[in-house]
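Here is the structure we will look at.
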Amino acid sequence: TTRFTIAIDGPAAAGKGTISKAVAAHFGFAHLDTGLLYRAVGARVLAGDKPLEAAQSLVAADLEAEGLRTAEVAQAASKVAVIAEVRQALVDFQRSFARRAGGAVLDGRDIGTVICPDAEAKLFVTASAEVRARRRFLELSENGSDSDYDTVLADVKARDERDMNRSEAPLKPADDAVVIDTSDLSIEAAIAAAIAAIKDRQ
Ligand code: C5P
């Protein structure tokens, strides 16, 4: 059986999610959006739980909960994500997912650097803050939210700031990651670039 791990990291709204799903479908691998783990913990904290207890008692079904995709939960997620013990509590689940039979794609912030430093393929998907904010703004508008662009841009920058400057597992490309800047790429071109980079490592 194949054990092949693809690590896809990058900042918020760079296209990681879309690329990860397409890559997983292309290779027939399972996909884990690790941001959901932190979002699920963040949502429990907003509901009054303690971060570490929420992280230690997380179960797979929590990742299917409604309301994890909101801006409020995203900010709460990036706040619990700076806590070393919270991150530690989520390591085993991610590593076992990564080594499952049949291949796995994990996307997040620290997959290539901390969770799966031995991943067979590593990508770092990025784009300018303005492009990412515009994409997220359009997505939110389509979903009927009345948020404005400047607020979305400020949120994206606040989350970048927290994710890149924390001492524990900061957001940065692994030394051996292939960097894909999607600022001027269509979705199709970004997916094609990702698949080509992974095939190179096979
Ligand atoms: O990817 P997503 O936007 O859903 O992630 C929400 C937050 O969770 C991020 O801003 C980041 O702070 C945190 N996160 C992390 N490590 C990961 C995935 C997400 O710290 N592997």
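Here, A, B, ... name the chains of the structure tokens in the order displayed, residue numbers run from 1 inside each chain, and ligands are numbered from 1 in the same displayed order.
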DSSP on the backbone: what in stretch 73-138 of chain A comes out alpha helix (DSSP H), as a ChimeraX atom specification? /A:73-80,84-89,91-98,129-138
Go ahead and dump the residues you just picked, N, CA and C atoms, as a CSV table (one decimal), in the first residue's frame.
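Listing of part.csv after writing:
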```csv
chain,number,residue,atom,x,y,z
A,73,VAL,N,-14.8,32.7,14.3
A,73,VAL,CA,-14.1,31.4,14.7
A,73,VAL,C,-12.7,31.4,14.1
A,74,ALA,N,-12.5,32.0,13.0
A,74,ALA,CA,-11.1,32.0,12.4
A,74,ALA,C,-10.2,32.8,13.4
A,75,GLN,N,-10.6,33.9,13.9
A,75,GLN,CA,-9.8,34.7,14.8
A,75,GLN,C,-9.6,33.9,16.1
A,76,ALA,N,-10.6,33.3,16.6
A,76,ALA,CA,-10.5,32.5,17.8
A,76,ALA,C,-9.5,31.3,17.6
A,77,ALA,N,-9.6,30.7,16.4
A,77,ALA,CA,-8.7,29.6,16.1
A,77,ALA,C,-7.2,30.1,16.1
A,78,SER,N,-7.0,31.3,15.5
A,78,SER,CA,-5.6,31.7,15.5
A,78,SER,C,-5.1,32.1,16.9
A,79,LYS,N,-6.0,32.4,17.8
A,79,LYS,CA,-5.6,32.7,19.2
A,79,LYS,C,-5.3,31.5,19.9
A,80,VAL,N,-6.1,30.4,19.8
A,80,VAL,CA,-5.7,29.2,20.5
A,80,VAL,C,-4.5,28.5,19.9
A,84,ALA,N,1.2,26.4,22.9
A,84,ALA,CA,2.0,25.2,22.6
A,84,ALA,C,1.3,23.9,23.0
A,85,GLU,N,0.7,23.9,24.2
A,85,GLU,CA,0.0,22.7,24.7
A,85,GLU,C,-1.2,22.3,23.8
A,86,VAL,N,-1.9,23.3,23.3
A,86,VAL,CA,-3.0,23.0,22.3
A,86,VAL,C,-2.5,22.4,21.1
A,87,ARG,N,-1.4,22.9,20.5
A,87,ARG,CA,-0.8,22.4,19.3
A,87,ARG,C,-0.4,20.9,19.6
A,88,GLN,N,0.3,20.7,20.7
A,88,GLN,CA,0.8,19.4,21.1
A,88,GLN,C,-0.3,18.4,21.1
A,89,ALA,N,-1.5,18.8,21.7
A,89,ALA,CA,-2.6,17.9,21.8
A,89,ALA,C,-3.1,17.4,20.5
A,91,VAL,N,-1.2,16.9,17.7
A,91,VAL,CA,-0.1,16.3,16.8
A,91,VAL,C,-0.4,14.9,16.4
A,92,ASP,N,-0.7,14.0,17.4
A,92,ASP,CA,-0.9,12.6,17.1
A,92,ASP,C,-2.0,12.3,16.0
A,93,PHE,N,-3.1,13.0,16.2
A,93,PHE,CA,-4.2,12.8,15.2
A,93,PHE,C,-3.7,13.1,13.8
A,94,GLN,N,-3.0,14.3,13.7
A,94,GLN,CA,-2.5,14.7,12.3
A,94,GLN,C,-1.5,13.7,11.8
A,95,ARG,N,-0.5,13.2,12.6
A,95,ARG,CA,0.5,12.3,12.1
A,95,ARG,C,-0.1,11.0,11.7
A,96,SER,N,-1.1,10.5,12.5
A,96,SER,CA,-1.6,9.2,12.1
A,96,SER,C,-2.4,9.4,10.8
A,97,PHE,N,-3.1,10.5,10.6
A,97,PHE,CA,-3.8,10.7,9.4
A,97,PHE,C,-2.8,10.7,8.2
A,98,ALA,N,-1.6,11.4,8.4
A,98,ALA,CA,-0.6,11.5,7.4
A,98,ALA,C,-0.1,10.2,6.9
A,129,ALA,N,-1.5,39.8,0.3
A,129,ALA,CA,-2.6,40.0,1.3
A,129,ALA,C,-3.8,40.6,0.6
A,130,GLU,N,-3.6,41.5,-0.3
A,130,GLU,CA,-4.7,42.1,-1.0
A,130,GLU,C,-5.5,41.2,-1.9
A,131,VAL,N,-4.8,40.3,-2.6
A,131,VAL,CA,-5.5,39.3,-3.4
A,131,VAL,C,-6.2,38.3,-2.5
A,132,ARG,N,-5.6,37.9,-1.5
A,132,ARG,CA,-6.3,37.0,-0.6
A,132,ARG,C,-7.5,37.6,0.1
A,133,ALA,N,-7.4,38.9,0.5
A,133,ALA,CA,-8.6,39.5,1.1
A,133,ALA,C,-9.7,39.7,0.0
A,134,ARG,N,-9.4,40.0,-1.2
A,134,ARG,CA,-10.4,40.1,-2.2
A,134,ARG,C,-11.1,38.8,-2.5
A,135,ARG,N,-10.4,37.7,-2.5
A,135,ARG,CA,-11.0,36.4,-2.7
A,135,ARG,C,-11.9,36.1,-1.6
A,136,ARG,N,-11.4,36.3,-0.3
A,136,ARG,CA,-12.2,36.0,0.9
A,136,ARG,C,-13.5,36.9,0.9
A,137,PHE,N,-13.3,38.1,0.5
A,137,PHE,CA,-14.4,39.1,0.5
A,137,PHE,C,-15.5,38.6,-0.5
A,138,LEU,N,-15.1,38.2,-1.7
A,138,LEU,CA,-16.1,37.7,-2.7
A,138,LEU,C,-16.8,36.5,-2.2
```
Which residues sit within 9 Å of ligand 1, counting only C-alpha atoms and all ligand atoms, listed as an MDAnalysis selection string? chainID A and resid 9:13 16:17 33:39 42 68:69 73:82 87 106:111 115 156 159:160 162:164 168:171
Contact table stretch 4-36 of chain A vs stretch 180-199 of chain A, cut-off 12 Å, shortest pair per residue, only C-alpha atoms, as a tab-separated table:
```
residue	atom	partner	partner_atom	distance
A:Phe4	CA	A:Ile198	CA	10.6
A:Thr5	CA	A:Ile198	CA	10.2
A:Ile6	CA	A:Ile198	CA	7.8
A:Ala7	CA	A:Ile198	CA	10.0
A:Ile8	CA	A:Ala194	CA	9.4
A:Asp9	CA	A:Ile180	CA	10.3
A:Gly10	CA	A:Ile180	CA	9.5
A:Pro11	CA	A:Asp181	CA	11.1
A:Ala13	CA	A:Thr182	CA	10.3
A:Ala14	CA	A:Thr182	CA	6.9
A:Gly15	CA	A:Thr182	CA	7.3
A:Lys16	CA	A:Thr182	CA	9.7
A:Gly17	CA	A:Ile191	CA	10.8
A:Thr18	CA	A:Ile187	CA	8.0
A:Ile19	CA	A:Ile191	CA	5.4
A:Ser20	CA	A:Ile191	CA	8.5
A:Lys21	CA	A:Ile191	CA	9.6
A:Ala22	CA	A:Ile191	CA	6.8
A:Val23	CA	A:Ile195	CA	6.4
A:Ala24	CA	A:Ile195	CA	9.8
A:Ala25	CA	A:Ile195	CA	10.8
A:His26	CA	A:Ile195	CA	8.1
A:Phe27	CA	A:Ile195	CA	8.9
```
Assign secondary structure with DSSP using the backbone only, and return the residues of chain A in strand (DSSP E or B) as a PDB file with N, CA and C atoms, in the first residue's frame.
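part-v5.pdb written:
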```
ATOM      1  N   THR A   5       2.763  11.242   1.789  1.00  0.00           N
ATOM      2  CA  THR A   5       2.180  12.410   2.450  1.00  0.00           C
ATOM      3  C   THR A   5       2.483  13.669   1.658  1.00  0.00           C
ATOM      4  N   ILE A   6       1.440  14.418   1.379  1.00  0.00           N
ATOM      5  CA  ILE A   6       1.588  15.716   0.719  1.00  0.00           C
ATOM      6  C   ILE A   6       1.247  16.798   1.739  1.00  0.00           C
ATOM      7  N   ALA A   7       2.212  17.676   2.027  1.00  0.00           N
ATOM      8  CA  ALA A   7       2.016  18.763   2.981  1.00  0.00           C
ATOM      9  C   ALA A   7       1.776  20.055   2.207  1.00  0.00           C
ATOM     10  N   ILE A   8       0.676  20.731   2.494  1.00  0.00           N
ATOM     11  CA  ILE A   8       0.373  21.990   1.801  1.00  0.00           C
ATOM     12  C   ILE A   8       0.142  23.075   2.852  1.00  0.00           C
ATOM     13  N   ASP A   9       1.083  24.009   2.945  1.00  0.00           N
ATOM     14  CA  ASP A   9       0.984  25.087   3.923  1.00  0.00           C
ATOM     15  C   ASP A   9       0.828  26.431   3.233  1.00  0.00           C
ATOM     16  N   ALA A  30      -6.622  10.668   0.784  1.00  0.00           N
ATOM     17  CA  ALA A  30      -7.506  11.293   1.770  1.00  0.00           C
ATOM     18  C   ALA A  30      -7.011  12.710   2.052  1.00  0.00           C
ATOM     19  N   HIS A  31      -7.915  13.592   2.467  1.00  0.00           N
ATOM     20  CA  HIS A  31      -7.550  14.991   2.711  1.00  0.00           C
ATOM     21  C   HIS A  31      -7.952  15.427   4.118  1.00  0.00           C
ATOM     22  N   LEU A  32      -7.036  16.074   4.820  1.00  0.00           N
ATOM     23  CA  LEU A  32      -7.357  16.667   6.126  1.00  0.00           C
ATOM     24  C   LEU A  32      -7.040  18.159   6.102  1.00  0.00           C
ATOM     25  N   ASP A  33      -8.074  18.969   6.325  1.00  0.00           N
ATOM     26  CA  ASP A  33      -7.914  20.416   6.480  1.00  0.00           C
ATOM     27  C   ASP A  33      -7.619  20.646   7.963  1.00  0.00           C
ATOM     28  N   ALA A 104      -2.092  10.639   1.781  1.00  0.00           N
ATOM     29  CA  ALA A 104      -2.821  11.700   2.475  1.00  0.00           C
ATOM     30  C   ALA A 104      -2.318  13.080   2.070  1.00  0.00           C
ATOM     31  N   VAL A 105      -3.255  14.005   2.009  1.00  0.00           N
ATOM     32  CA  VAL A 105      -2.942  15.417   1.809  1.00  0.00           C
ATOM     33  C   VAL A 105      -3.360  16.142   3.079  1.00  0.00           C
ATOM     34  N   LEU A 106      -2.439  16.872   3.702  1.00  0.00           N
ATOM     35  CA  LEU A 106      -2.788  17.683   4.868  1.00  0.00           C
ATOM     36  C   LEU A 106      -2.486  19.129   4.531  1.00  0.00           C
ATOM     37  N   ASP A 107      -3.442  20.011   4.793  1.00  0.00           N
ATOM     38  CA  ASP A 107      -3.136  21.420   4.572  1.00  0.00           C
ATOM     39  C   ASP A 107      -3.264  22.196   5.881  1.00  0.00           C
ATOM     40  N   GLY A 108      -2.379  23.207   6.031  1.00  0.00           N
ATOM     41  CA  GLY A 108      -2.363  23.974   7.273  1.00  0.00           C
ATOM     42  C   GLY A 108      -1.289  25.037   7.254  1.00  0.00           C
ATOM     43  N   ALA A 121       6.119  15.153  -0.390  1.00  0.00           N
ATOM     44  CA  ALA A 121       6.001  16.376  -1.194  1.00  0.00           C
ATOM     45  C   ALA A 121       5.498  17.513  -0.312  1.00  0.00           C
ATOM     46  N   LYS A 122       6.095  18.693  -0.483  1.00  0.00           N
ATOM     47  CA  LYS A 122       5.701  19.862   0.308  1.00  0.00           C
ATOM     48  C   LYS A 122       5.467  21.056  -0.599  1.00  0.00           C
ATOM     49  N   LEU A 123       4.336  21.700  -0.400  1.00  0.00           N
ATOM     50  CA  LEU A 123       4.037  22.913  -1.152  1.00  0.00           C
ATOM     51  C   LEU A 123       3.789  24.041  -0.166  1.00  0.00           C
ATOM     52  N   PHE A 124       4.162  25.250  -0.561  1.00  0.00           N
ATOM     53  CA  PHE A 124       3.803  26.439   0.207  1.00  0.00           C
ATOM     54  C   PHE A 124       3.033  27.337  -0.739  1.00  0.00           C
ATOM     55  N   VAL A 125       1.724  27.458  -0.494  1.00  0.00           N
ATOM     56  CA  VAL A 125       0.837  28.198  -1.388  1.00  0.00           C
ATOM     57  C   VAL A 125       0.595  29.578  -0.792  1.00  0.00           C
ATOM     58  N   THR A 126       0.931  30.607  -1.554  1.00  0.00           N
ATOM     59  CA  THR A 126       0.797  31.954  -1.016  1.00  0.00           C
ATOM     60  C   THR A 126       0.206  32.904  -2.058  1.00  0.00           C
ATOM     61  N   VAL A 178       8.081  23.554  -2.287  1.00  0.00           N
ATOM     62  CA  VAL A 178       7.940  24.267  -3.556  1.00  0.00           C
ATOM     63  C   VAL A 178       6.942  25.400  -3.313  1.00  0.00           C
ATOM     64  N   VAL A 179       7.352  26.643  -3.569  1.00  0.00           N
ATOM     65  CA  VAL A 179       6.479  27.785  -3.320  1.00  0.00           C
ATOM     66  C   VAL A 179       5.641  28.082  -4.567  1.00  0.00           C
ATOM     67  N   ILE A 180       4.331  28.169  -4.382  1.00  0.00           N
ATOM     68  CA  ILE A 180       3.433  28.528  -5.485  1.00  0.00           C
ATOM     69  C   ILE A 180       2.715  29.817  -5.112  1.00  0.00           C
ATOM     70  N   ASP A 181       3.012  30.899  -5.822  1.00  0.00           N
ATOM     71  CA  ASP A 181       2.333  32.173  -5.589  1.00  0.00           C
ATOM     72  C   ASP A 181       1.131  32.243  -6.526  1.00  0.00           C
TER      73      ASP A 181
END
```
If you count only C-alpha atoms, the residue of A:Glu64, A:Glu72, A:Asp118, A:Glu139 closest to A:Ala40 turns out to be A:Glu64
As a check of understanding: the span from atom CA of A:Arg99 to atom CA of A:Arg3 is 5.9 Å
Given only C-alpha atoms as the basis, pick out the residue of A:Val41, A:Leu140, A:Ala71, A:Ala177 nearest to A:Glu53.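 Among A:Val41, A:Leu140, A:Ala71, A:Ala177, it is A:Val41 that comes nearest to A:Glu53.
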